[in-house]
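Reading through the structure tokens given below for one structure.
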Amino acid sequence: MQITYQFRLYPTPEQEEGMIRTLILCRKLYNRAKEQRDTVYNQEGTTVTYAMQQNELPAFKKEFPEYKEVHSQVLQDCLRRLDDAYQRFFRGDAGFPHYKSADRYLSFTYPQPGAVDKTFARNGYVYLSKIGFVRLRAHHGCFRRLAGFRCLYVHTDPHDPSVCMPFYVDLGHIRPVERNQKVVRQRKDFLHKQSHRIVQGHDLIAVEQLKVKNMICNRRLSKSIADAGWRRFITYLSYKAARQGKRLVEVPAHGTSQTCICGADVPKTLAIRLHECEACGLVQDRDIVSAQVILQRALDIVA
Ligand SMILES: [Zn+2]
């Protein structure tokens with residue numbers, strides 16, 4: 001039997017920032033790994049396994065150095081969660097895995113935190129690799145509904161109390177409700193401005209169906225829009241376009257990151273940021289090529 005202890009964490013502002021950054025990076029990796037699994041399956045009919053994705057991590061970190069800020073086992077756990085979601089689906093225990101939005105990716109796990117004497121070397125603190133010694137207090141009773149809590153679940157192994165079992169840092173409910181409503185208002189406002197600007201400047205607007213990325217050749221803008229709600233953004237775009245007699249075309253999202261403008265398949269692993277087509281020689285950022293493929297599909301639909 002394992003015993004689970006629950007602690008409340010009291011991170012410093014820098015540590016809190018580090019924890020939130022960890023969550024964001026883990027969620028991006030999860031979604032990117034899911035995209036890879038789905039496109040490879042759709043194009044080649046083969047399954048990308050956990051082991052294959054884990055083996056890609058070193059190359060992935062080289063291409064995206066921001067991931068060096070996250071403990072490698074935390075990243076492995078993130079791929080493991082995705083694999084678990086697919087395994088549950090294959091067994092018939094759950095539906096097809098979804099992409100994760102920020103409000104659905106709220107925890108990260110240290111699967112092998114190491115020896116107790118190192119992890120709890122400082123009294124009243126826990127050592128989280130890449131984040132540092134974080135102050136904690138033992139917790140009794142339920143505070144799940146409290147705003148702003150951060151929580152640590154530690155399991156101990158009764159057979160060997162010197163070993164920490166996997167532990168789990170939950171950053172749910174970070175924002176108090178009032179602040180959350182303000183954020184929602186700001187995001188709606190942002191979406192209105194951006195959709196207005198796009199409709200003003202273009203006669204044809206091409207977007208992927210139900211897909212949060214790659215729709216505009218601007219990483220910062222597309223990231224902000226992804227955070228603010230893609231579905232709502234499409235709604236704003238479509239009624240603003242209709243009002244001004246412009247055209248909004250939604251195209252199938254299938255394989256847009258794995259195809260060249262010339263029509264050739266250009267499969268890409270997680271770590272490949274550059275599109276290099278052997279058929280036509282095109283070398284370009286993968287997001288830009290995806291956007292061009294989307295536009296081309298839209299033009300085919302309109303023609
Ligand atoms: Zn090509």
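Here, A, B, ... name the chains of the structure tokens in the order displayed, residue numbers run from 1 inside each chain, and ligands are numbered from 1 in the same displayed order.
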- Item | helix (DSSP H, G or I) residues, from DSSP on the backbone, in segment 3-109 of chain A, as number ranges by chain | A: 13-44, 50-63, 65-69, 72-90, 102-104
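Once only C-alpha atoms and all ligand atoms are used for the distance check, the residues close to ligand 1 at 8 Å turn out to be A:Thr259, A:Cys260, A:Ile261, A:Cys262, A:Gly263, A:Ala264, A:Asp265, A:Val266, A:Glu276, A:Cys277, A:Glu278, A:Ala279, A:Cys280, A:Gly281, A:Leu282.
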- d(atom CA of Ser107 of chain A, atom CA of Thr39 of chain A) in Å: 26.4 Å
- Item | Within 12 Å of Lys268 of chain A using only C-alpha atoms, minus same-chain residues under 5 positions, as an MDAnalysis selection string | chainID A and resid 32:33 35:37 39:40 43 56 60 255:260 273:277 285:287 290
For N, CA and C atoms, I'd like the residues from the last selection saved as a PDB file, in the first residue's frame.
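Result file follows (selection.pdb):
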```pdb
ATOM      1  N   ARG A  32       2.154  18.762 -29.599  1.00  0.00           N
ATOM      2  CA  ARG A  32       2.977  18.510 -30.770  1.00  0.00           C
ATOM      3  C   ARG A  32       3.170  17.004 -30.978  1.00  0.00           C
ATOM      4  N   ALA A  33       3.356  16.290 -29.871  1.00  0.00           N
ATOM      5  CA  ALA A  33       3.532  14.836 -29.953  1.00  0.00           C
ATOM      6  C   ALA A  33       2.243  14.170 -30.433  1.00  0.00           C
ATOM      7  N   GLU A  35       0.031  15.610 -32.414  1.00  0.00           N
ATOM      8  CA  GLU A  35      -0.067  15.923 -33.841  1.00  0.00           C
ATOM      9  C   GLU A  35       0.784  14.951 -34.659  1.00  0.00           C
ATOM     10  N   GLN A  36       1.998  14.666 -34.142  1.00  0.00           N
ATOM     11  CA  GLN A  36       2.883  13.743 -34.859  1.00  0.00           C
ATOM     12  C   GLN A  36       2.248  12.355 -34.960  1.00  0.00           C
ATOM     13  N   ARG A  37       1.718  11.863 -33.851  1.00  0.00           N
ATOM     14  CA  ARG A  37       1.084  10.542 -33.870  1.00  0.00           C
ATOM     15  C   ARG A  37      -0.039  10.492 -34.904  1.00  0.00           C
ATOM     16  N   THR A  39      -0.686  12.503 -37.569  1.00  0.00           N
ATOM     17  CA  THR A  39      -0.356  12.673 -38.990  1.00  0.00           C
ATOM     18  C   THR A  39       0.376  11.448 -39.520  1.00  0.00           C
ATOM     19  N   VAL A  40       1.271  10.874 -38.728  1.00  0.00           N
ATOM     20  CA  VAL A  40       1.968   9.674 -39.208  1.00  0.00           C
ATOM     21  C   VAL A  40       0.966   8.549 -39.428  1.00  0.00           C
ATOM     22  N   GLN A  43      -1.060   9.318 -42.613  1.00  0.00           N
ATOM     23  CA  GLN A  43      -0.329   9.254 -43.880  1.00  0.00           C
ATOM     24  C   GLN A  43       0.277   7.889 -44.134  1.00  0.00           C
ATOM     25  N   GLU A  56      13.289  10.838 -29.452  1.00  0.00           N
ATOM     26  CA  GLU A  56      13.428  12.095 -30.181  1.00  0.00           C
ATOM     27  C   GLU A  56      13.721  13.286 -29.265  1.00  0.00           C
ATOM     28  N   PHE A  60      15.011  17.110 -30.087  1.00  0.00           N
ATOM     29  CA  PHE A  60      13.967  18.133 -29.899  1.00  0.00           C
ATOM     30  C   PHE A  60      14.495  19.266 -29.020  1.00  0.00           C
ATOM     31  N   GLY A 255      -2.863  16.866 -42.250  1.00  0.00           N
ATOM     32  CA  GLY A 255      -1.543  16.814 -42.871  1.00  0.00           C
ATOM     33  C   GLY A 255      -0.952  18.118 -43.356  1.00  0.00           C
ATOM     34  N   THR A 256      -1.487  19.276 -42.944  1.00  0.00           N
ATOM     35  CA  THR A 256      -0.950  20.523 -43.483  1.00  0.00           C
ATOM     36  C   THR A 256       0.500  20.771 -43.079  1.00  0.00           C
ATOM     37  N   SER A 257       0.946  20.134 -41.993  1.00  0.00           N
ATOM     38  CA  SER A 257       2.334  20.356 -41.593  1.00  0.00           C
ATOM     39  C   SER A 257       3.264  19.302 -42.193  1.00  0.00           C
ATOM     40  N   GLN A 258       2.710  18.364 -42.966  1.00  0.00           N
ATOM     41  CA  GLN A 258       3.512  17.248 -43.462  1.00  0.00           C
ATOM     42  C   GLN A 258       3.497  17.197 -44.994  1.00  0.00           C
ATOM     43  N   THR A 259       3.025  18.270 -45.600  1.00  0.00           N
ATOM     44  CA  THR A 259       2.878  18.297 -47.057  1.00  0.00           C
ATOM     45  C   THR A 259       3.611  19.527 -47.589  1.00  0.00           C
ATOM     46  N   CYS A 260       4.099  19.422 -48.840  1.00  0.00           N
ATOM     47  CA  CYS A 260       4.735  20.579 -49.467  1.00  0.00           C
ATOM     48  C   CYS A 260       3.722  21.282 -50.371  1.00  0.00           C
ATOM     49  N   ARG A 273      12.058  21.984 -37.471  1.00  0.00           N
ATOM     50  CA  ARG A 273      11.397  23.267 -37.612  1.00  0.00           C
ATOM     51  C   ARG A 273      11.408  23.705 -39.073  1.00  0.00           C
ATOM     52  N   LEU A 274      12.374  23.175 -39.822  1.00  0.00           N
ATOM     53  CA  LEU A 274      12.557  23.606 -41.202  1.00  0.00           C
ATOM     54  C   LEU A 274      11.931  22.596 -42.154  1.00  0.00           C
ATOM     55  N   HIS A 275      11.161  23.105 -43.105  1.00  0.00           N
ATOM     56  CA  HIS A 275      10.587  22.271 -44.153  1.00  0.00           C
ATOM     57  C   HIS A 275      11.605  22.197 -45.289  1.00  0.00           C
ATOM     58  N   GLU A 276      12.015  20.982 -45.670  1.00  0.00           N
ATOM     59  CA  GLU A 276      12.953  20.832 -46.790  1.00  0.00           C
ATOM     60  C   GLU A 276      12.380  19.788 -47.737  1.00  0.00           C
ATOM     61  N   CYS A 277      11.946  20.227 -48.905  1.00  0.00           N
ATOM     62  CA  CYS A 277      11.286  19.316 -49.840  1.00  0.00           C
ATOM     63  C   CYS A 277      12.298  18.792 -50.858  1.00  0.00           C
ATOM     64  N   ASP A 285      10.542  27.782 -43.262  1.00  0.00           N
ATOM     65  CA  ASP A 285      10.007  27.496 -41.933  1.00  0.00           C
ATOM     66  C   ASP A 285       8.733  26.656 -42.032  1.00  0.00           C
ATOM     67  N   ARG A 286       8.593  25.642 -41.175  1.00  0.00           N
ATOM     68  CA  ARG A 286       7.460  24.722 -41.322  1.00  0.00           C
ATOM     69  C   ARG A 286       6.108  25.430 -41.188  1.00  0.00           C
ATOM     70  N   ASP A 287       6.055  26.439 -40.301  1.00  0.00           N
ATOM     71  CA  ASP A 287       4.782  27.123 -40.100  1.00  0.00           C
ATOM     72  C   ASP A 287       4.364  27.926 -41.329  1.00  0.00           C
ATOM     73  N   SER A 290       3.106  25.492 -43.935  1.00  0.00           N
ATOM     74  CA  SER A 290       1.754  25.046 -43.573  1.00  0.00           C
ATOM     75  C   SER A 290       0.725  26.094 -43.957  1.00  0.00           C
TER      76      SER A 290
END
```
- Task: Compile the contact shell of Leu29 of chain A as a ChimeraX atom specification: residues with an atom at most 12 Å away, counting only C-alpha atoms, same-chain residues fewer than 4 positions apart removed.
- Result: /A:22-25,33-36,53-54,56-57,60-61,64,66-67,70,74-82,99-100,105,270-271
Now that the selection is made, can you save its residues with C-alpha atoms as a PDB file, in the first residue's frame?
```pdb
ATOM      1  CA  THR A  22       7.131  24.264 -17.190  1.00  0.00           C
ATOM      2  CA  LEU A  23       3.402  23.712 -17.603  1.00  0.00           C
ATOM      3  CA  ILE A  24       3.263  25.705 -20.843  1.00  0.00           C
ATOM      4  CA  LEU A  25       6.224  23.866 -22.345  1.00  0.00           C
ATOM      5  CA  ALA A  33       3.532  14.836 -29.953  1.00  0.00           C
ATOM      6  CA  LYS A  34      -0.168  14.159 -30.482  1.00  0.00           C
ATOM      7  CA  GLU A  35      -0.067  15.923 -33.841  1.00  0.00           C
ATOM      8  CA  GLN A  36       2.883  13.743 -34.859  1.00  0.00           C
ATOM      9  CA  GLN A  53       8.940   9.896 -29.158  1.00  0.00           C
ATOM     10  CA  GLN A  54      11.118   9.611 -26.073  1.00  0.00           C
ATOM     11  CA  GLU A  56      13.428  12.095 -30.181  1.00  0.00           C
ATOM     12  CA  LEU A  57      13.646  14.244 -27.054  1.00  0.00           C
ATOM     13  CA  PHE A  60      13.967  18.133 -29.899  1.00  0.00           C
ATOM     14  CA  LYS A  61      15.731  19.939 -27.046  1.00  0.00           C
ATOM     15  CA  PHE A  64      14.020  24.113 -29.024  1.00  0.00           C
ATOM     16  CA  GLU A  66      13.841  26.495 -24.056  1.00  0.00           C
ATOM     17  CA  TYR A  67      13.090  22.871 -23.164  1.00  0.00           C
ATOM     18  CA  VAL A  70      12.541  21.498 -17.863  1.00  0.00           C
ATOM     19  CA  VAL A  74       9.180  15.680 -16.482  1.00  0.00           C
ATOM     20  CA  LEU A  75       9.204  15.828 -20.294  1.00  0.00           C
ATOM     21  CA  GLN A  76       9.218  12.043 -20.531  1.00  0.00           C
ATOM     22  CA  ASP A  77       6.229  11.926 -18.228  1.00  0.00           C
ATOM     23  CA  CYS A  78       4.412  14.317 -20.517  1.00  0.00           C
ATOM     24  CA  LEU A  79       4.895  11.895 -23.460  1.00  0.00           C
ATOM     25  CA  ARG A  80       3.902   9.059 -21.139  1.00  0.00           C
ATOM     26  CA  ARG A  81       0.599  10.788 -20.366  1.00  0.00           C
ATOM     27  CA  LEU A  82      -0.111  11.080 -24.078  1.00  0.00           C
ATOM     28  CA  TYR A  99      -5.364  18.423 -27.782  1.00  0.00           C
ATOM     29  CA  LYS A 100      -4.926  20.055 -24.369  1.00  0.00           C
ATOM     30  CA  TYR A 105      -3.082  20.905 -18.552  1.00  0.00           C
ATOM     31  CA  LEU A 270       8.770  16.822 -33.595  1.00  0.00           C
ATOM     32  CA  ALA A 271      12.157  18.444 -33.710  1.00  0.00           C
TER      33      ALA A 271
END
```
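Comparing A:Ala102, A:Lys28, A:Ile272, A:Arg185 by their smallest distance to Gln284 of chain A, the closest is A:Ile272 (using only C-alpha atoms).
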- Message: For a quick check of understanding, using only C-alpha atoms, which of A:Gly18, A:Pro111, A:Gly229, A:Pro252 has the smallest distance to His192 of chain A?
- Response: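 Nearest candidate to His192 of chain A out of A:Gly18, A:Pro111, A:Gly229, A:Pro252: A:Gly229.
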- Query: Looking at A:His98, A:Gln73, A:Leu295, A:Ala85, which one is nearest to Cys26 of chain A, with distances taken over only C-alpha atoms?
  - Reply: A:Gln73
- Write out as an MDAnalysis selection string each polymer residue whose atoms come within 9 Å of segment 198-212 of chain A, counting only C-alpha atoms; drop sequence neighbours fewer than 3 positions from it. chainID A and resid 193:195 215:216 222:223 225:227 229:231 234 237:238 240:241 244:254 256 291 294:299
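Atom CA of Pro11 of chain A is found 10.4 Å from atom CA of Val126 of chain A.
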- atom CA of Pro113 of chain A and atom CA of Val134 of chain A are how many Å apart?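 Going from atom CA of Pro113 of chain A over to atom CA of Val134 of chain A covers 14.0 Å.
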- Residues within 8 Å of Tyr86 of chain A, only C-alpha atoms, excluding chain neighbours under 3 positions, as number ranges by chain: A: 82-83, 89-90, 96-97
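Residue nearest Thr12 of chain A within the list A:Gly124, A:Arg135, A:Leu191, A:Thr119: A:Arg135 [criterion: smallest interatomic distance, only C-alpha atoms].
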